[in-house]
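*Asks:* Contents of query_27.tsv (TSV, C-alpha atoms) are below:
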```
chain	number	residue	atom	x	y	z
I	1334	MET	CA	-16.80	-62.74	-31.28
I	1335	ASN	CA	-19.34	-63.79	-28.65
I	1336	GLN	CA	-21.33	-61.40	-26.46
I	1337	THR	CA	-18.95	-61.63	-23.56
I	1338	GLU	CA	-15.87	-60.86	-25.61
I	1339	ILE	CA	-14.56	-57.42	-26.48
I	1340	GLN	CA	-11.92	-56.87	-29.12
I	1341	LEU	CA	-9.70	-53.87	-29.59
I	1342	SER	CA	-7.10	-53.13	-32.23
I	1343	ILE	CA	-4.39	-50.54	-31.63
I	1344	PRO	CA	-1.57	-49.30	-33.88
I	1345	ALA	CA	1.86	-50.74	-33.05
I	1346	ARG	CA	2.99	-47.31	-31.86
I	1347	LEU	CA	4.04	-46.33	-28.36
I	1348	GLY	CA	1.39	-44.41	-26.48
I	1349	PHE	CA	-1.54	-46.45	-27.79
I	1350	GLU	CA	-1.00	-49.03	-25.05
I	1351	LYS	CA	-2.75	-46.56	-22.74
I	1352	ILE	CA	-6.00	-47.03	-24.66
I	1353	ALA	CA	-5.74	-50.79	-24.12
I	1354	MET	CA	-4.96	-50.50	-20.43
I	1355	GLU	CA	-7.87	-48.15	-19.70
I	1356	THR	CA	-10.27	-50.34	-21.71
I	1357	VAL	CA	-9.24	-53.45	-19.78
I	1358	VAL	CA	-9.54	-51.61	-16.46
I	1359	SER	CA	-13.07	-50.47	-17.40
I	1360	LEU	CA	-14.06	-54.05	-18.15
I	1361	ALA	CA	-12.41	-55.27	-14.95
I	1362	ALA	CA	-14.37	-52.70	-12.93
I	1363	LEU	CA	-17.60	-53.77	-14.59
I	1364	HIS	CA	-16.95	-57.34	-13.42
I	1365	GLY	CA	-16.07	-56.41	-9.87
I	1366	LEU	CA	-12.29	-56.57	-9.80
I	1367	PRO	CA	-11.28	-54.69	-6.62
I	1368	SER	CA	-10.01	-51.20	-7.40
I	1369	ALA	CA	-6.83	-52.00	-5.46
I	1370	ARG	CA	-5.81	-54.15	-8.42
I	1371	PHE	CA	-6.47	-51.61	-11.17
I	1372	SER	CA	-2.89	-50.34	-11.17
I	1373	ASP	CA	-1.59	-53.91	-11.51
I	1374	VAL	CA	-3.88	-54.38	-14.51
I	1375	ARG	CA	-2.73	-51.12	-16.07
I	1376	THR	CA	0.96	-51.94	-15.76
I	1377	ALA	CA	0.59	-55.56	-16.94
I	1378	ILE	CA	-1.48	-54.59	-19.99
I	1379	SER	CA	0.81	-51.70	-20.81
I	1380	GLU	CA	3.92	-53.91	-20.68
I	1381	ALA	CA	2.31	-56.71	-22.69
I	1382	CYS	CA	1.19	-54.27	-25.40
I	1383	ILE	CA	4.60	-52.59	-25.56
I	1384	ASN	CA	6.30	-55.99	-25.87
I	1385	ALA	CA	3.86	-56.91	-28.66
I	1386	MET	CA	4.53	-53.65	-30.52
I	1387	GLU	CA	8.29	-53.86	-30.12
I	1388	HIS	CA	9.20	-57.55	-30.28
I	1389	GLY	CA	6.20	-58.89	-32.22
I	1390	ASN	CA	5.41	-56.16	-34.74
I	1391	LYS	CA	8.85	-54.48	-34.66
I	1392	PHE	CA	6.96	-51.17	-34.61
I	1393	ALA	CA	6.16	-51.73	-38.30
I	1394	ARG	CA	4.05	-48.93	-39.74
I	1395	GLY	CA	0.49	-49.86	-40.55
I	1396	THR	CA	0.46	-52.93	-38.29
I	1397	SER	CA	-1.76	-53.46	-35.28
I	1398	VAL	CA	-1.78	-55.24	-31.98
I	1399	GLU	CA	-5.07	-56.89	-31.07
I	1400	ILE	CA	-6.47	-57.19	-27.57
I	1401	HIS	CA	-9.24	-59.73	-26.94
I	1402	MET	CA	-10.94	-59.54	-23.56
I	1403	ARG	CA	-13.36	-62.04	-22.07
I	1404	VAL	CA	-14.73	-63.12	-18.72
I	1405	GLN	CA	-14.75	-66.85	-18.18
I	1406	ARG	CA	-15.38	-68.81	-14.99
I	1407	ARG	CA	-14.73	-65.72	-12.87
I	1408	ASN	CA	-11.48	-64.94	-14.62
I	1409	LEU	CA	-10.80	-61.87	-16.71
I	1410	GLN	CA	-8.74	-63.22	-19.58
I	1411	ILE	CA	-6.90	-60.93	-21.97
I	1412	ASP	CA	-5.18	-62.14	-25.12
I	1413	ILE	CA	-2.69	-59.78	-26.73
I	1414	LEU	CA	-1.91	-60.77	-30.31
I	1415	ASP	CA	1.06	-59.63	-32.35
I	1416	LEU	CA	2.89	-60.58	-35.52
I	1417	GLY	CA	5.78	-62.37	-33.80
I	1418	LYS	CA	6.66	-66.01	-34.32
I	1419	GLY	CA	6.48	-67.02	-30.67
I	1420	LEU	CA	9.12	-67.08	-27.97
I	1421	LYS	CA	12.53	-68.32	-29.11
I	1422	GLY	CA	13.45	-69.69	-25.70
I	1423	PRO	CA	12.78	-69.27	-21.99
I	1424	LEU	CA	12.33	-65.73	-20.74
I	1425	VAL	CA	15.51	-64.33	-19.19
I	1426	GLN	CA	15.11	-63.08	-15.63
I	1427	PRO	CA	16.44	-59.52	-15.38
I	1428	ASP	CA	19.09	-58.85	-12.77
I	1429	LEU	CA	19.37	-55.31	-11.43
I	1430	GLN	CA	22.90	-55.78	-10.08
I	1431	ARG	CA	24.12	-56.89	-13.49
I	1432	LYS	CA	22.34	-53.97	-15.10
I	1433	LEU	CA	23.94	-51.50	-12.68
I	1434	ALA	CA	27.33	-53.06	-13.39
I	1435	GLY	CA	26.76	-52.52	-17.12
I	1436	GLU	CA	26.74	-56.27	-17.76
I	1437	GLU	CA	23.26	-56.28	-19.26
I	1438	SER	CA	20.94	-53.72	-20.82
I	1439	PRO	CA	18.96	-51.57	-18.37
I	1440	ARG	CA	15.84	-52.64	-20.28
I	1441	GLY	CA	14.03	-55.98	-20.26
I	1442	TRP	CA	11.64	-55.69	-17.31
I	1443	GLY	CA	8.31	-56.07	-19.13
I	1444	ALA	CA	7.79	-59.84	-18.92
I	1445	TYR	CA	9.12	-59.91	-15.34
I	1446	LEU	CA	6.59	-57.30	-14.22
I	1447	ILE	CA	3.74	-59.04	-16.04
I	1448	GLU	CA	4.52	-62.31	-14.28
I	1449	LYS	CA	4.54	-60.58	-10.89
I	1450	LEU	CA	1.32	-58.62	-11.40
I	1451	VAL	CA	-1.12	-61.04	-13.01
I	1452	ASP	CA	-2.69	-64.21	-11.62
I	1453	ASP	CA	-1.60	-66.23	-14.62
I	1454	VAL	CA	0.27	-65.69	-17.88
I	1455	HIS	CA	0.86	-67.91	-20.90
I	1456	TYR	CA	2.71	-67.32	-24.14
I	1457	PHE	CA	1.81	-69.32	-27.23
I	1458	TYR	CA	1.71	-69.20	-31.02
I	1459	HIS	CA	-1.73	-69.62	-32.58
I	1460	LYS	CA	-3.04	-69.03	-36.10
I	1461	LYS	CA	0.13	-67.19	-37.14
I	1462	ARG	CA	-0.06	-64.85	-34.19
I	1463	ASN	CA	2.06	-64.64	-31.08
I	1464	VAL	CA	-0.32	-64.56	-28.11
I	1465	THR	CA	0.31	-63.29	-24.60
I	1466	GLN	CA	-2.58	-64.49	-22.44
I	1467	LEU	CA	-3.05	-62.74	-19.10
I	1468	SER	CA	-5.61	-63.70	-16.45
I	1469	PHE	CA	-6.93	-61.91	-13.39
I	1470	LYS	CA	-9.15	-63.70	-10.88
I	1471	LEU	CA	-12.46	-61.96	-10.29
I	1472	PRO	CA	-14.21	-62.10	-6.92
I	1473	GLY	CA	-17.27	-64.31	-6.63
I	1474	LYS	CA	-18.57	-67.64	-5.49
I	1475	ARG	CA	-17.14	-69.59	-8.36
I	1476	GLN	CA	-13.49	-69.15	-7.54
I	1477	ASN	CA	-11.61	-71.75	-9.50
I	1478	LYS	CA	-8.15	-72.53	-10.55
I	1479	ILE	CA	-7.12	-71.09	-13.86
I	1480	ASN	CA	-6.81	-73.72	-16.55
I	1481	GLU	CA	-3.91	-74.13	-18.89
I	1482	ALA	CA	-3.88	-71.64	-21.72
I	1483	VAL	CA	-6.69	-72.32	-24.12
I	1484	PRO	CA	-6.38	-70.67	-27.49
I	1485	GLN	CA	-9.67	-68.89	-28.17
I	1486	VAL	CA	-8.30	-66.07	-30.25
G	62	MET	CA	0.77	-39.38	-24.24
G	63	GLN	CA	1.56	-36.67	-21.74
G	64	GLY	CA	4.81	-34.85	-22.64
G	65	PHE	CA	7.62	-35.24	-20.15
G	66	GLN	CA	9.52	-32.36	-18.58
G	67	VAL	CA	12.20	-32.22	-15.94
G	68	LYS	CA	13.36	-29.13	-14.09
G	69	VAL	CA	16.49	-29.31	-11.97
G	70	GLU	CA	16.63	-27.35	-8.75
G	71	ILE	CA	20.02	-27.01	-7.09
G	72	ASP	CA	20.06	-26.80	-3.30
G	73	ASN	CA	23.69	-27.53	-2.43
G	74	PRO	CA	24.62	-30.38	-1.84
G	75	ASN	CA	21.37	-31.65	-3.35
G	76	ALA	CA	20.01	-31.59	-6.88
G	77	VAL	CA	16.29	-32.14	-7.18
G	78	PHE	CA	14.82	-33.43	-10.42
G	79	ASN	CA	11.24	-32.17	-10.56
G	80	MET	CA	9.66	-34.45	-13.15
G	81	ASN	CA	6.31	-33.92	-14.78
G	82	GLY	CA	4.48	-36.20	-17.24
G	83	ASP	CA	4.88	-39.78	-18.38
G	84	LEU	CA	8.20	-41.49	-17.67
G	85	THR	CA	8.82	-43.61	-20.78
G	86	HIS	CA	11.62	-44.15	-23.30
G	87	GLU	CA	10.82	-40.68	-24.64
G	88	SER	CA	11.96	-39.19	-21.34
G	89	GLN	CA	15.48	-40.53	-21.72
G	90	LYS	CA	17.09	-37.59	-23.53
G	91	ARG	CA	15.67	-34.98	-21.17
G	92	MET	CA	16.66	-37.00	-18.11
G	93	LEU	CA	20.19	-37.64	-19.36
G	94	ASP	CA	20.62	-33.98	-20.36
G	95	ALA	CA	19.48	-32.96	-16.88
G	96	TYR	CA	21.87	-35.43	-15.31
G	97	GLU	CA	24.84	-34.14	-17.33
G	98	LYS	CA	24.19	-30.66	-15.92
G	99	VAL	CA	24.19	-32.07	-12.40
G	100	VAL	CA	27.44	-33.97	-12.92
G	101	SER	CA	29.23	-30.77	-13.80
G	102	SER	CA	27.82	-29.04	-10.69
G	103	LYS	CA	29.23	-31.89	-8.54
G	104	MET	CA	26.15	-32.24	-6.32
G	105	GLN	CA	26.49	-34.98	-3.71
G	106	ASN	CA	22.85	-36.11	-3.69
G	107	ILE	CA	20.23	-36.39	-6.41
G	108	LEU	CA	16.56	-36.49	-5.46
G	109	LEU	CA	14.08	-37.67	-8.09
G	110	ASP	CA	10.66	-36.18	-7.36
G	111	PHE	CA	7.93	-38.38	-8.87
G	112	SER	CA	5.00	-36.41	-7.37
G	113	HIS	CA	3.83	-35.33	-10.82
G	114	VAL	CA	4.55	-38.57	-12.68
G	115	ASP	CA	1.43	-40.69	-13.10
G	116	TYR	CA	2.66	-43.24	-15.63
G	117	ILE	CA	5.94	-45.13	-15.62
G	118	ASN	CA	6.58	-48.07	-17.92
G	119	SER	CA	9.51	-50.47	-18.00
G	120	ALA	CA	11.36	-48.28	-20.51
G	121	GLY	CA	10.96	-45.39	-18.06
G	122	MET	CA	12.35	-47.58	-15.30
G	123	SER	CA	15.35	-48.31	-17.46
G	124	VAL	CA	15.95	-44.56	-17.69
G	125	ILE	CA	16.10	-44.47	-13.89
G	126	ILE	CA	18.49	-47.44	-13.88
G	127	THR	CA	20.73	-45.59	-16.34
G	128	ILE	CA	20.75	-42.50	-14.11
G	129	LEU	CA	21.43	-44.68	-11.05
G	130	THR	CA	24.37	-46.34	-12.81
G	131	LYS	CA	25.84	-42.97	-13.74
G	132	ALA	CA	25.28	-41.60	-10.24
G	133	GLN	CA	26.97	-44.61	-8.63
G	134	ASN	CA	29.93	-44.25	-10.98
G	135	ALA	CA	30.20	-40.57	-10.01
G	136	GLN	CA	29.83	-41.47	-6.29
G	137	GLN	CA	26.59	-39.58	-5.98
G	138	ALA	CA	23.67	-40.85	-3.90
G	139	LEU	CA	20.26	-41.17	-5.54
G	140	PHE	CA	16.96	-40.74	-3.65
G	141	ALA	CA	13.31	-40.75	-4.68
G	142	CYS	CA	10.15	-39.13	-3.37
G	143	GLY	CA	6.49	-38.91	-4.29
G	144	LEU	CA	6.04	-42.32	-5.89
G	145	SER	CA	2.49	-43.66	-5.75
G	146	GLN	CA	1.97	-46.83	-3.71
G	147	HIS	CA	1.76	-48.83	-6.92
G	148	PHE	CA	5.04	-47.56	-8.29
G	149	GLN	CA	6.73	-47.98	-4.91
G	150	LYS	CA	5.68	-51.62	-5.19
G	151	ILE	CA	7.00	-51.87	-8.77
G	152	PHE	CA	10.33	-50.22	-7.89
G	153	ASP	CA	10.60	-52.55	-4.91
G	154	MET	CA	9.90	-55.59	-7.12
G	155	VAL	CA	12.81	-54.78	-9.39
G	156	GLY	CA	15.09	-53.93	-6.45
G	157	LEU	CA	15.49	-50.23	-7.17
G	158	LEU	CA	14.50	-49.08	-3.69
G	159	LYS	CA	17.52	-50.88	-2.22
G	160	TYR	CA	19.73	-48.46	-4.12
G	161	MET	CA	17.43	-45.44	-4.12
G	162	PRO	CA	15.70	-44.83	-0.75
G	163	HIS	CA	12.20	-43.43	-1.08
G	164	TYR	CA	10.47	-40.71	0.95
G	165	ASP	CA	6.79	-39.91	0.72
G	166	THR	CA	7.29	-36.18	0.19
G	167	LYS	CA	9.98	-33.84	-1.05
G	168	ASP	CA	10.05	-32.05	2.31
G	169	GLU	CA	10.64	-35.30	4.15
G	170	ALA	CA	13.37	-36.26	1.71
G	171	MET	CA	15.13	-32.89	1.98
G	172	LYS	CA	15.16	-33.16	5.78
G	173	ASN	CA	16.66	-36.63	5.74
G	174	ILE	CA	19.16	-36.88	2.91
```
Kindly present the structure from the file in structure tokens form.

*Replies:*
Amino acid sequence: MNQTEIQLSIPARLGFEKIAMETVVSLAALHGLPSARFSDVRTAISEACINAMEHGNKFARGTSVEIHMRVQRRNLQIDILDLGKGLKGPLVQPDLQRKLAGEESPRGWGAYLIEKLVDDVHYFYHKKRNVTQLSFKLPGKRQNKINEAVPQV
Amino acid sequence: MQGFQVKVEIDNPNAVFNMNGDLTHESQKRMLDAYEKVVSSKMQNILLDFSHVDYINSAGMSVIITILTKAQNAQQALFACGLSQHFQKIFDMVGLLKYMPHYDTKDEAMKNI
């Protein structure tokens, strides 16, 4: 772990995602992310952690979800690591009308919300971990485009 | 995690769900129990008051979708009030506000529904 990276490990149990979301918001504030975006960060981190606990770790007792946070080229990058084997196919877009008609489960909004709330998101499998990589652009002179996902976990 | 509670207030023809705490999957049983009571009272409108709900995750949203489905099937209208700006944006993103009009305050909602 380098000096600009912070790592956090939380049990794969619902409720602990709040620790991750508040930690990431604290780091975001430290690096000047406008407070108007804090709620977006909270929801995106919460949903990514819950997905990791549920779909990656299957809520298995004694397992953890890791959160690695770093600031790079004016981007706040957060990797969320779980025990899953990677995505099995493209993410399915939820459809509220179908849900209201009982044609699909009322659940399944997490990835959709993440995509809407972050500046960039990548999913990949690295070193036997499923990784959800979220990025938020930080204000500053060195605004740049966000590169393709780079495994640094 | 903040425990979730819901108290139902009947003001014919409206039923107001006064929610307090985190709206997550753990809220489902209490919300569905509350809804079953309202179905039997045959209220025409249901107002969900989010003024005291600070945290809603996608599982909590699915609870609202379940209630909305049941309300539509029972020909009841669902309304919301007191959502923070952030959660108004989230509910709008998923399309919920098209089916569940939102008012800033409970008073405003009660005057208009």

*Asks:* I'd like the interatomic distance between CA of Val1404 (chain I) and CA of Arg1462 (chain I), to a tenth of an Å.

*Replies:*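 Separation between CA of Val1404 (chain I) and CA of Arg1462 (chain I): 21.4 Å.
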
*Asks:* Give me the residues within 8 Å of Arg1440 (chain I) as an MDAnalysis selection string, counting all atoms listed in the file and dropping any in the same chain fewer than 3 places off.

*Replies:* chainID G and resid 119:120 122:123

*Asks:* Please return, as a list in words, all residues of chain I lying within 9 Å of chain G when all atoms listed in the file are considered.

*Replies:*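 Going by the stated atoms only, the list reads Leu1347, Gly1348, Phe1349, Lys1351, Ser1372, Asp1373, Thr1376, Ser1379, Glu1380, Pro1427, Asp1428, Leu1429, Gln1430, Lys1432, Leu1433, Ala1434, Gly1435, Ser1438, Pro1439, Arg1440, Gly1441, Trp1442, Gly1443, Tyr1445, Leu1446 and Lys1449 of chain I.
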
*Asks:* Grab the residues selected above and save them as a compact mmCIF listing (two decimals), in the frame of the given file with C-alpha atoms.

*Replies:*
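The resulting again.txt:
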```txt
# COMPACT_ATOMS: atom_id res chain seq x y z
CA LEU I 1347 4.04 -46.33 -28.36
CA GLY I 1348 1.39 -44.41 -26.48
CA PHE I 1349 -1.54 -46.45 -27.79
CA LYS I 1351 -2.75 -46.56 -22.74
CA SER I 1372 -2.89 -50.34 -11.17
CA ASP I 1373 -1.59 -53.91 -11.51
CA THR I 1376 0.96 -51.94 -15.76
CA SER I 1379 0.81 -51.70 -20.81
CA GLU I 1380 3.92 -53.91 -20.68
CA PRO I 1427 16.44 -59.52 -15.38
CA ASP I 1428 19.09 -58.85 -12.77
CA LEU I 1429 19.37 -55.31 -11.43
CA GLN I 1430 22.90 -55.78 -10.08
CA LYS I 1432 22.34 -53.97 -15.10
CA LEU I 1433 23.94 -51.50 -12.68
CA ALA I 1434 27.33 -53.06 -13.39
CA GLY I 1435 26.76 -52.52 -17.12
CA SER I 1438 20.94 -53.72 -20.82
CA PRO I 1439 18.96 -51.57 -18.37
CA ARG I 1440 15.84 -52.64 -20.28
CA GLY I 1441 14.03 -55.98 -20.26
CA TRP I 1442 11.64 -55.69 -17.31
CA GLY I 1443 8.31 -56.07 -19.13
CA TYR I 1445 9.12 -59.91 -15.34
CA LEU I 1446 6.59 -57.30 -14.22
CA LYS I 1449 4.54 -60.58 -10.89
```

*Asks:* Expressed in Å to a single decimal, how great is the separation between CA of Gln137 (chain G) and CA of Ser88 (chain G)?

*Replies:*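 We find that CA of Gln137 (chain G) and CA of Ser88 (chain G) lie 21.2 Å from each other.
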
*Asks:* Could you check how far CA of Cys142 (chain G) sits from CA of Lys103 (chain G), in Å to one decimal?

*Replies:* 21.1 Å

*Asks:* Using only C-alpha atoms, which protein or nucleic acid residues come within 8 Å of Pro162 (chain G)? Drop anything in the same chain fewer than 6 positions from it, and give the result as a list in words.

*Replies:* Leu139, Phe140 and Ala141 of chain G

*Asks:* Give me the residues within 8 Å of Gly143 (chain G) as a PyMOL selection string, counting all atoms listed in the file and dropping any in the same chain fewer than 5 places off.

*Replies:* chain G and resi 110-113+163-167

*Asks:* So that I can check the surroundings of Asn75 (chain G), please list as a list in words every protein, DNA and RNA residue that reaches within 8 Å of it, counting all atoms listed in the file and ignoring chain neighbours fewer than 3 positions away.

*Replies:* Ile71, Asp72, Met104, Gln105, Asn106, Ile107 and Leu108 of chain G

*Asks:* Here is a test: counting all atoms listed in the file, which residue of I:Lys1421, I:Gln1405, I:Arg1375, I:Glu1399 is nearest to Leu1471 (chain I)?

*Replies:*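 Ranking I:Lys1421, I:Gln1405, I:Arg1375, I:Glu1399 by distance to Leu1471 (chain I), first place goes to I:Gln1405.
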
*Asks:* Pick out the residues sitting within 10 Å of Leu1414 (chain I), and hand them over as a list in words; count all atoms listed in the file, and ignore anything fewer than 5 positions along from it in its own chain.

*Replies:*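 Here the answer would be Ser1342, Ala1381, Cys1382, Ala1385, Met1386, Gly1389, Asn1390, Ser1397, Val1398, Glu1399, Ile1400, His1401, Phe1457, Tyr1458, His1459, Lys1461, Arg1462, Asn1463, Val1464, Thr1465, Gln1466 and Val1486 of chain I.
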
*Asks:* Ranking I:Leu1409, I:Val1425, I:Ala1444, I:Leu1416 by minimum distance to Leu1467 (chain I) and counting only C-alpha atoms, which one comes first?

*Replies:*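 Answer, going by the shortest atom-to-atom distance: I:Leu1409.
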